[in-house]
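As C-alpha cells, the structure follows; a few thoughts come after it.
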Amino acid sequence: MQNPHAPTNLDRSAEIFSIGNELLVGQVLDTNTHWLIKSLTALGAHVRRATMIRDEYEEIGDELQRAVARRPRLILTTGGLGPTDDDLTLRAIALRFGRPLELHEQAYEWVALRYAYIATQRPNFDPTMSESRAKMAYFPLGSQPVANPSGAAPAMVLDVDDGVTIVSL
C-alpha cells in the first residue's frame, strides 16, 4: 500500500537550506539561493521555502527533519561540505537520519585529483590528502556522491524517506 503522504511523481516541490555562519553575520552574500530558486522554477519546480541555518549540528538536523516531515520532493542544501571544522552538513545529516558516515573511494579520488590539479596551478601548493581534506569523501550510508566540476567537495544525493530526496551542494 502506498503512503498517502508520500510525494507523487508529479510533485515538484522543493525547499532550500543555505548553511553557514558567514551568511548569518553578513560576511557573505547568499547568491546561491537566488540562483537555485530561479533555476528550479525555470524547470517547473515549486520552491516552498528557503532558509538560512547556522553551522550547528542540532540546527541543521532539526531543520532538515522538519523539512522531511513537510514532504517536499526535493530538499537542497548549500554549504558545509568543505574541509574545515565548521563544515558539518553531511555529518549532521548522517547523525539525524541514523546513517553512519563511510569513506566513499570514488569521492576520495575526486578530492585528491582536485588538490593535485590545484598544485599544478599554484606554486608551493601542497596537494597532500590531509585528514581535513579526506573528510570531504565521507558520506552518509546509502547516499551517492556527485562529482563537483567547480570545487573540491563532492555533492551528495540521499533518498531519506519515501520520495523525499536531499541533495547537498
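Ordering of the C-alpha cells sets the chain letters (A, B, ...); residue numbers start at 1 within each chain; ligands are numbered from 1 in the order shown.
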Worksheet item: Counting only C-alpha atoms, what is within 12 Å of Gly151 (chain A), bar same-chain residues fewer than 4 positions away, as a ChimeraX atom specification?
Response: /A:79,81-83,110-115,117-118,136,146-147,155,169
Discussion item. List as a VMD selection string the protein and nucleic acid residues near Leu76 (chain A), meaning an atom at most 9 Å away when only C-alpha atoms are counted, but skip any in the same chain fewer than 4 places from it.
Written reply: chain A and resid 14 to 18 36 165 to 169
Item to complete: Would you return as a list of chain:residue names the members of region 2-132 of chain A that DSSP assigns to strand (DSSP E or B) on this structure's backbone?
Response: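 Here is the list: A:Ser13, A:Ala14, A:Glu15, A:Ile16, A:Phe17, A:Ser18, A:Ile19, A:His46, A:Val47, A:Arg48, A:Arg49, A:Ala50, A:Thr51, A:Met52, A:Ile53, A:Leu74, A:Ile75, A:Leu76, A:Thr77, A:Thr78, A:Leu101, A:Glu102, A:Leu103.
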Worksheet item: Any idea what's packed within 12 Å of Thr51 (chain A), counting only C-alpha atoms, ignoring anything in its chain fewer than 3 positions away? Could you give it as a ChimeraX atom specification?
Response: /A:14-20,23-24,30,32-34,37,47-48,54,59-60,63-64,67,75-78
Restrict the selected residues to C-alpha atoms and save them as a JSON list (two decimals), in the first residue's frame.
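Okay, this is what ended up in result.json:
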[["chain", "number", "residue", "atom", "x", "y", "z"],
["A", 14, "ALA", "CA", 11.41, 21.89, -3.14],
["A", 15, "GLU", "CA", 12.96, 23.51, -0.10],
["A", 16, "ILE", "CA", 16.39, 25.11, 0.08],
["A", 17, "PHE", "CA", 18.66, 25.41, 3.13],
["A", 18, "SER", "CA", 21.73, 27.63, 2.98],
["A", 19, "ILE", "CA", 24.11, 26.61, 5.74],
["A", 20, "GLY", "CA", 26.85, 28.77, 7.18],
["A", 23, "LEU", "CA", 25.73, 34.02, 5.85],
["A", 24, "LEU", "CA", 24.05, 34.92, 9.12],
["A", 30, "ASP", "CA", 23.89, 34.31, -0.34],
["A", 32, "ASN", "CA", 23.34, 30.62, -4.33],
["A", 33, "THR", "CA", 19.76, 30.54, -3.06],
["A", 34, "HIS", "CA", 18.59, 33.14, -5.56],
["A", 37, "ILE", "CA", 15.24, 29.36, -6.93],
["A", 47, "VAL", "CA", 10.05, 26.25, -4.16],
["A", 48, "ARG", "CA", 8.10, 26.30, -0.90],
["A", 54, "ARG", "CA", 23.91, 28.23, 11.41],
["A", 59, "GLU", "CA", 20.03, 23.25, 13.99],
["A", 60, "ILE", "CA", 20.94, 21.56, 10.72],
["A", 63, "GLU", "CA", 15.56, 21.90, 10.25],
["A", 64, "LEU", "CA", 16.12, 19.04, 7.83],
["A", 67, "ALA", "CA", 11.53, 19.66, 6.17],
["A", 75, "ILE", "CA", 15.49, 19.34, -0.24],
["A", 76, "LEU", "CA", 18.60, 21.21, -1.37],
["A", 77, "THR", "CA", 21.35, 22.26, 1.00],
["A", 78, "THR", "CA", 24.21, 24.59, 0.16]]
Worksheet item: Do you know which residues are at most 6 Å from Ala137 (chain A) counting only C-alpha atoms, after dropping those on the same chain fewer than 2 positions away, and could you put them as a list in words?
Response: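 Once the adjacent positions are removed, what remains is Leu103, His104, Ala107, Tyr108, Ala134 and Lys135 of chain A.
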Practice prompt. Check region 1-110 of chain A with DSSP on the backbone and list each residue it calls alpha helix (DSSP H), as a PyMOL selection string.
Written response: chain A and resi 21-24+31-42+57-70+89-96+105-110
Fill in: Selected residue of minimal separation from Arg99 (chain A) among A:Gln121, A:Ser13, A:Thr41, A:Ser143, counting only C-alpha atoms
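Of A:Gln121, A:Ser13, A:Thr41, A:Ser143, the one nearest Arg99 (chain A) is A:Ser143, counting only C-alpha atoms.
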Practice prompt. Might you pull out every residue within 9 Å of region 95-97 of chain A, with only C-alpha atoms counted and same-chain residues fewer than 2 positions away left off, and present them as an MDAnalysis selection string?
Written response: chainID A and resid 57:58 60:62 64:65 90:93 99:101 140 160
